[in-house]
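S.K.: If you scroll down you'll find the structure; I have some questions about it.
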Amino acid sequence: MASQTENERIRQLRELLHHHNYRYYILDDPEISDAEYDRLMQELLALEAANPQFVTEDSPTQRIGHAPVSGFRTVAHQRSLLSLGNAFSLEDLKVFTARVARWAEESVDFICELKIDGLAVSLTYKQGIFVQGATRGDGQEGEDITQNLKTVGTIPLRLQEPVDINVRGEVYMARADFIALNNQREAQGEPIFANPRNAAAGSLRQLDSKVTAQRNLDIFVYGMGSIGNHQIHTHLEALGTLKTLGFRTNPHATFCATIQEINEFIEMWTKERPNLPYDIDGVVVKANNLAIQDKLGNTAKSPRWAIAYKFPAEQAITRVLDIGVQVGRTGAITPLAYLEPTLVAGSTVSRATLHNEDIVKAKDVRIGDYVIIQKAGDVIPEIVQSLPQRRSGEEVIFTMPKECPDCGGKTFRESGEAVTRCVNGQCPAQRFEGLVHFASRNAMDIDGLGPALIRQLITANLLSSAADLYRLTLEQLMKLERFGQKSAENLLQALENSKERPLANLIFALGIRLVGIEVARELANRFGSMENLIKASFEDLIAIDAVGDKIAQSVIEFFLAEQNRQLVTHLACVGVKMEQTNQPNPTQRELSHQTWVVTGKLEGYSRNEISDWLRSLGAQVTGSISKNTDYLVAGEKAGSKLTKAKQLGVRVLTETEFYNFLRERGVSIDQ
């Protein structure tokens, strides 16, 4: 009986604390003092400790943090988290708004929002309960940081309505909290963070969520990945719905009917941004009407209906102490300026890229020069110009080295190219950068294998090529400095997991010059195995739409090199998968001249995988429904695209019907 009474009191306390969290964080209108809130929280903590069977995932006590985890698992986003295209001038915005109106074939209203300088996250709720939070990652997949996000007070653990919804937001750290955190770290002899964004990102990626709970993080939610059952027609309505549900939205979002109103909003916040308690790096401009957003759709990387206006870069004057070079994985030798440390746009800059020899000459940058530097888009440090009027006569003109600084091999600059390269394929710098690339997220995604560990393995003579990674033993790893048994076991498991990476990621991991992840996907889909790719002729390669002459020649030259063919052989010998799974027959192109759209939540395979199958059969895959669309593959919660497809008479296939459609055409589907 006492247990039932305690359960009821626990339930009452949870409801009270959820209510007061909503009043404090969302409405900014608290009804009780901090001391009274703390008293209620302590009572709930004590009752839950005595009755752990009554603890729920949405309890306010779950914000305090959980035991450390060994690593973050990867989760797929319900809908892609695309990056935004950038505008750097008001003329860029004028072109953007005119283009949107032209594509929409009607007048378009816009919403302007402050672009918070933080870390993008996706939050998923089931029946109004927060069940999963993830980083943006590569836009298709992110890291599951649910427990860390639960410690952020402004992220509701339970919504005001029991809805299924996915939302996107930006987690950030206010300037005052950033300064306090750095002061604390400096006093404890720990390295300080460069800026609030880095501090927020570092806090969210703590393996111990109790550490995250000690960092005062905040969030603004700015959009929906899925809407649930809500009938919403505009982005402004969406923001209102988000606030009603209990999310914290930025109060400065503004409706703008004309380009002039957009310009006025930007001009105001360009001046007012220093007065905000948090950092912003621009303004996001979005088409307000959701039907227009859906009609315009997306490119492979960004929505056509939104753009980010980036504030003019903050500039400063500093001195070039030296100009060195760094060698990349393809042998590219890049000049790098070492600067007197200078504060720019909230962080200290001590290095800046000079890109290539031609830019050094064009800007006439010399060792010892005073220069104007800026952080382009508030991110990448670059030298704008030198200040020759301040020269003393002791400045030194920089020349590109004739020999590679890492291996001593000859350097070569091909006619018509701006880049100077080291031609030694065995160059240690190239090998190091290639291994870092091999382990990266879009490549083999080997969790825990970062640059510092790769250097350590090379120094210990345990690592010469990527294939050596898969021959590492527990005993070898445990002999490394600061490497315990658990760390070693985790790395070995991550290496074992990486053997099953898709063929596209393996192709990208090889570091073939000019072959990015999208081209790698096209190559994997077209050839189906590494063996077929190695045998491909120049004509076979350029038959792919995404592959031009230069890419084709680069692929051919890569596999002509004996050491590269040996690497592939050795990777196959240690168990790395060399074939595409569920590969469509590339000879079947019967869907040529057809246009397909894939939407909704799919159970069997991702939308990207389904789109790849369709492209392999010759279809064009787009992001929006129009009168030219032939088929729509509709998963659960297909939304407005399904409605529009029915209105236009587009043939709709369920996920099961689509798999049957492929089987009928000889494509093997393990469903």
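Residue names in the structure tokens use chain letters A, B, ... in the order shown, residue numbers from 1 in each chain, and ligand numbers from 1 in the order shown.
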Could you give me, as a VMD selection string, each residue of range 524-598 of chain A that DSSP assigns to helix (DSSP H, G or I) when run on this structure's backbone?
M.R.: chain A and resid 524 to 527 530 to 535 538 to 542 549 to 560 562 to 573
S.K.: Which residues are near Leu541 in chain A? Cut-off 6 Å, only C-alpha atoms, ignore same chain within fewer than 3 positions. Put them as a PyMOL selection string.
M.R.: chain A and resi 538+544+552
S.K.: Just the residues within 10 Å of Glu43 in chain A, please, counting only C-alpha atoms, with nothing from its chain fewer than 6 positions along; format it as a ChimeraX atom specification.
M.R.: /A:9-10,13,49
S.K.: Print the selection's residues with C-alpha atoms to a file, as a tab-separated table (two decimals), in the first residue's frame.
M.R.:
chain	number	residue	atom	x	y	z
A	9	ARG	CA	3.47	10.93	-5.17
A	10	ILE	CA	6.23	10.23	-7.73
A	13	LEU	CA	6.06	15.29	-8.58
A	49	ALA	CA	15.98	5.96	-5.27
S.K.: Within 9 Å of Val344 in chain A, counting only C-alpha atoms, which residues show up once you throw out same-chain ones fewer than 2 positions away? Write them as a PyMOL selection string, please.
M.R.: chain A and resi 314-316+342+346-349+373-375+378+381
S.K.: Using N, CA and C atoms, can you write the selected residues to a file as a PDB file, in the first residue's frame?
M.R.:
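What follows is the written file again.pdb:
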ATOM      1  N   GLU A 314      34.641  38.800 -39.857  1.00  0.00           N
ATOM      2  CA  GLU A 314      35.340  39.748 -38.992  1.00  0.00           C
ATOM      3  C   GLU A 314      36.826  39.721 -39.353  1.00  0.00           C
ATOM      4  N   GLN A 315      37.438  40.867 -39.429  1.00  0.00           N
ATOM      5  CA  GLN A 315      38.831  40.951 -39.848  1.00  0.00           C
ATOM      6  C   GLN A 315      39.723  41.493 -38.729  1.00  0.00           C
ATOM      7  N   ALA A 316      41.007  41.176 -38.846  1.00  0.00           N
ATOM      8  CA  ALA A 316      41.998  41.683 -37.896  1.00  0.00           C
ATOM      9  C   ALA A 316      43.336  41.768 -38.609  1.00  0.00           C
ATOM     10  N   THR A 342      46.057  35.891 -32.876  1.00  0.00           N
ATOM     11  CA  THR A 342      45.195  37.071 -32.908  1.00  0.00           C
ATOM     12  C   THR A 342      43.743  36.647 -32.738  1.00  0.00           C
ATOM     13  N   GLY A 346      35.779  35.828 -32.189  1.00  0.00           N
ATOM     14  CA  GLY A 346      35.562  35.043 -30.986  1.00  0.00           C
ATOM     15  C   GLY A 346      36.541  33.923 -30.727  1.00  0.00           C
ATOM     16  N   SER A 347      37.516  33.709 -31.620  1.00  0.00           N
ATOM     17  CA  SER A 347      38.495  32.655 -31.367  1.00  0.00           C
ATOM     18  C   SER A 347      39.884  33.117 -31.790  1.00  0.00           C
ATOM     19  N   THR A 348      40.897  32.474 -31.227  1.00  0.00           N
ATOM     20  CA  THR A 348      42.286  32.852 -31.499  1.00  0.00           C
ATOM     21  C   THR A 348      42.792  32.145 -32.750  1.00  0.00           C
ATOM     22  N   VAL A 349      43.326  32.929 -33.681  1.00  0.00           N
ATOM     23  CA  VAL A 349      43.831  32.405 -34.946  1.00  0.00           C
ATOM     24  C   VAL A 349      45.355  32.486 -34.940  1.00  0.00           C
ATOM     25  N   ILE A 373      43.674  39.445 -41.835  1.00  0.00           N
ATOM     26  CA  ILE A 373      43.106  38.099 -41.853  1.00  0.00           C
ATOM     27  C   ILE A 373      41.617  38.166 -41.532  1.00  0.00           C
ATOM     28  N   GLN A 374      40.900  37.153 -41.960  1.00  0.00           N
ATOM     29  CA  GLN A 374      39.483  37.062 -41.632  1.00  0.00           C
ATOM     30  C   GLN A 374      39.097  35.599 -41.508  1.00  0.00           C
ATOM     31  N   LYS A 375      37.972  35.375 -40.835  1.00  0.00           N
ATOM     32  CA  LYS A 375      37.424  34.022 -40.772  1.00  0.00           C
ATOM     33  C   LYS A 375      36.241  34.001 -41.720  1.00  0.00           C
ATOM     34  N   ASP A 378      32.879  33.074 -40.725  1.00  0.00           N
ATOM     35  CA  ASP A 378      33.172  32.917 -39.303  1.00  0.00           C
ATOM     36  C   ASP A 378      33.812  31.572 -38.979  1.00  0.00           C
ATOM     37  N   PRO A 381      40.004  30.455 -41.290  1.00  0.00           N
ATOM     38  CA  PRO A 381      40.911  31.609 -41.316  1.00  0.00           C
ATOM     39  C   PRO A 381      41.582  31.732 -42.686  1.00  0.00           C
TER      40      PRO A 381
END
S.K.: Give the strand (DSSP E or B) residues of range 82-326 of chain A, as assigned by DSSP on the backbone, as a PDB file with C-alpha atoms, in the first residue's frame.
M.R.:
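So the final result, stored in states36.pdb, reads:
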ATOM      1  CA  GLY A  85      23.510  26.856 -49.383  1.00  0.00           C
ATOM      2  CA  ASN A  86      25.262  30.121 -48.547  1.00  0.00           C
ATOM      3  CA  ALA A  87      24.723  33.729 -49.564  1.00  0.00           C
ATOM      4  CA  PHE A 110       9.700  34.199 -46.471  1.00  0.00           C
ATOM      5  CA  ILE A 111      10.652  33.702 -42.843  1.00  0.00           C
ATOM      6  CA  CYS A 112      13.951  35.090 -41.558  1.00  0.00           C
ATOM      7  CA  GLU A 113      15.582  33.410 -38.553  1.00  0.00           C
ATOM      8  CA  LEU A 114      18.826  33.987 -36.697  1.00  0.00           C
ATOM      9  CA  LYS A 115      21.446  31.367 -37.588  1.00  0.00           C
ATOM     10  CA  ILE A 116      22.571  30.092 -34.202  1.00  0.00           C
ATOM     11  CA  LEU A 119      25.584  22.084 -33.121  1.00  0.00           C
ATOM     12  CA  ALA A 120      22.624  20.787 -35.164  1.00  0.00           C
ATOM     13  CA  VAL A 121      20.689  17.922 -33.579  1.00  0.00           C
ATOM     14  CA  SER A 122      17.644  15.797 -34.356  1.00  0.00           C
ATOM     15  CA  LEU A 123      15.131  14.976 -31.575  1.00  0.00           C
ATOM     16  CA  THR A 124      12.561  12.170 -31.840  1.00  0.00           C
ATOM     17  CA  TYR A 125       9.460  11.825 -29.658  1.00  0.00           C
ATOM     18  CA  LYS A 126       7.050   8.893 -29.411  1.00  0.00           C
ATOM     19  CA  ILE A 129       8.131  11.204 -24.828  1.00  0.00           C
ATOM     20  CA  PHE A 130      11.722  12.041 -25.852  1.00  0.00           C
ATOM     21  CA  VAL A 131      13.195   8.736 -27.083  1.00  0.00           C
ATOM     22  CA  GLN A 132      16.198   9.628 -29.219  1.00  0.00           C
ATOM     23  CA  GLY A 133      18.541  12.491 -30.007  1.00  0.00           C
ATOM     24  CA  ALA A 134      21.297  12.486 -32.597  1.00  0.00           C
ATOM     25  CA  THR A 135      23.947  14.743 -34.095  1.00  0.00           C
ATOM     26  CA  GLU A 141      23.323   9.251 -40.170  1.00  0.00           C
ATOM     27  CA  GLY A 142      24.394  10.794 -36.891  1.00  0.00           C
ATOM     28  CA  GLU A 143      25.636   9.772 -33.460  1.00  0.00           C
ATOM     29  CA  ASP A 144      23.119   8.748 -30.803  1.00  0.00           C
ATOM     30  CA  ARG A 158       7.717  15.105 -22.280  1.00  0.00           C
ATOM     31  CA  ILE A 165       7.260  13.962 -33.946  1.00  0.00           C
ATOM     32  CA  ASN A 166      10.831  14.545 -35.108  1.00  0.00           C
ATOM     33  CA  VAL A 167      12.304  18.036 -34.768  1.00  0.00           C
ATOM     34  CA  ARG A 168      15.579  19.768 -35.580  1.00  0.00           C
ATOM     35  CA  GLY A 169      17.351  22.273 -33.417  1.00  0.00           C
ATOM     36  CA  GLU A 170      20.653  23.943 -32.613  1.00  0.00           C
ATOM     37  CA  VAL A 171      22.357  23.299 -29.267  1.00  0.00           C
ATOM     38  CA  TYR A 172      24.568  26.173 -28.151  1.00  0.00           C
ATOM     39  CA  MET A 173      26.360  27.664 -25.163  1.00  0.00           C
ATOM     40  CA  LEU A 217      23.841  24.079 -22.740  1.00  0.00           C
ATOM     41  CA  ASP A 218      20.730  25.462 -24.393  1.00  0.00           C
ATOM     42  CA  ILE A 219      18.709  24.838 -27.551  1.00  0.00           C
ATOM     43  CA  PHE A 220      16.509  26.579 -30.088  1.00  0.00           C
ATOM     44  CA  VAL A 221      14.266  24.266 -32.127  1.00  0.00           C
ATOM     45  CA  TYR A 222      13.727  25.559 -35.651  1.00  0.00           C
ATOM     46  CA  GLY A 223      11.925  22.929 -37.699  1.00  0.00           C
ATOM     47  CA  MET A 224      10.226  19.587 -38.048  1.00  0.00           C
ATOM     48  CA  GLY A 225      11.600  16.495 -39.719  1.00  0.00           C
ATOM     49  CA  SER A 226       8.189  14.850 -39.470  1.00  0.00           C
ATOM     50  CA  THR A 234       3.433  27.402 -43.198  1.00  0.00           C
ATOM     51  CA  THR A 254      10.221  37.302 -38.600  1.00  0.00           C
ATOM     52  CA  PHE A 255       7.802  37.155 -41.520  1.00  0.00           C
ATOM     53  CA  CYS A 256       9.172  39.014 -44.571  1.00  0.00           C
ATOM     54  CA  ILE A 280      25.028  33.902 -34.388  1.00  0.00           C
ATOM     55  CA  ASP A 281      26.883  33.686 -37.691  1.00  0.00           C
ATOM     56  CA  GLY A 282      24.164  34.725 -40.102  1.00  0.00           C
ATOM     57  CA  VAL A 283      20.476  34.712 -41.004  1.00  0.00           C
ATOM     58  CA  VAL A 284      18.492  31.813 -42.468  1.00  0.00           C
ATOM     59  CA  VAL A 285      15.915  32.744 -45.112  1.00  0.00           C
ATOM     60  CA  LYS A 286      13.183  30.158 -45.791  1.00  0.00           C
ATOM     61  CA  ALA A 287      10.117  30.018 -48.019  1.00  0.00           C
ATOM     62  CA  ASN A 289       4.703  28.044 -47.437  1.00  0.00           C
ATOM     63  CA  ASN A 298      16.207  19.553 -52.458  1.00  0.00           C
ATOM     64  CA  PRO A 303      17.086  22.516 -49.840  1.00  0.00           C
ATOM     65  CA  ALA A 306      16.203  27.992 -47.962  1.00  0.00           C
ATOM     66  CA  ILE A 307      19.557  29.732 -47.825  1.00  0.00           C
ATOM     67  CA  ALA A 308      21.936  30.967 -45.127  1.00  0.00           C
ATOM     68  CA  TYR A 309      23.126  34.535 -45.385  1.00  0.00           C
ATOM     69  CA  LYS A 310      26.560  34.589 -43.737  1.00  0.00           C
ATOM     70  CA  GLN A 315      38.831  40.951 -39.848  1.00  0.00           C
ATOM     71  CA  ALA A 316      41.998  41.683 -37.896  1.00  0.00           C
ATOM     72  CA  ILE A 317      45.629  42.641 -38.579  1.00  0.00           C
ATOM     73  CA  THR A 318      48.466  40.343 -37.554  1.00  0.00           C
ATOM     74  CA  ARG A 319      51.982  39.397 -38.644  1.00  0.00           C
ATOM     75  CA  VAL A 320      53.205  36.396 -40.660  1.00  0.00           C
ATOM     76  CA  LEU A 321      55.898  34.713 -38.572  1.00  0.00           C
ATOM     77  CA  ASP A 322      56.651  32.023 -41.144  1.00  0.00           C
ATOM     78  CA  ILE A 323      55.245  30.239 -44.189  1.00  0.00           C
ATOM     79  CA  GLY A 324      55.494  26.470 -44.237  1.00  0.00           C
ATOM     80  CA  VAL A 325      53.824  23.727 -46.233  1.00  0.00           C
ATOM     81  CA  GLN A 326      51.718  20.682 -45.407  1.00  0.00           C
TER      82      GLN A 326
END
S.K.: Point out the residue among A:Asn442, A:Ser415, A:Gln293, A:Thr420 with the least atom-to-atom distance to Lys641 in chain A, counting only C-alpha atoms.
M.R.: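 Checking each of A:Asn442, A:Ser415, A:Gln293, A:Thr420 against Lys641 in chain A, counting only C-alpha atoms, the winner is A:Gln293.
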S.K.: Restricting the calculation to only C-alpha atoms: of A:Pro191, A:Gly448, A:Pro388, A:Gly297, which residue gets closest to Phe483 in chain A?
M.R.: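 Of all the options, A:Gly448 lies closest to Phe483 in chain A.
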S.K.: May I have the residues within 9 Å of range 508-511 of chain A as a list in words, using only C-alpha atoms and disregarding those fewer than 2 positions away in the same chain?
M.R.: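 So the residues in contact are Arg329, Thr330, Gly434, Leu435, His437, Phe438, Ala439, Ser440, Asn442, Ala443, Met444, Ala466, Leu503, Ala504, Asn505, Leu506, Arg513, Leu514, Val515, Gly516, Ile517, Glu518, Val519, Ala520, Arg521, Asn564, Leu567 and Val568 of chain A.
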S.K.: Name all residues at most 12 Å from Arg565 in chain A (count only C-alpha atoms; drop same-chain ones fewer than 5 positions away) and give them as JSON, numbers by chain.
M.R.: {"A": [510, 530, 531, 533, 534, 535, 555, 556, 557, 558, 559, 560, 570, 571, 572]}
S.K.: What is the distance between CA of Asn356 in chain A and CA of Arg421 in chain A, in Å to one decimal?
M.R.: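 CA of Arg421 in chain A lies 10.6 Å from CA of Asn356 in chain A.
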S.K.: Quick one, how far is CA of Asn497 in chain A from CA of Asn148 in chain A?
M.R.: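 If I compute the distance from CA of Asn497 in chain A to CA of Asn148 in chain A, I get 24.7 Å.
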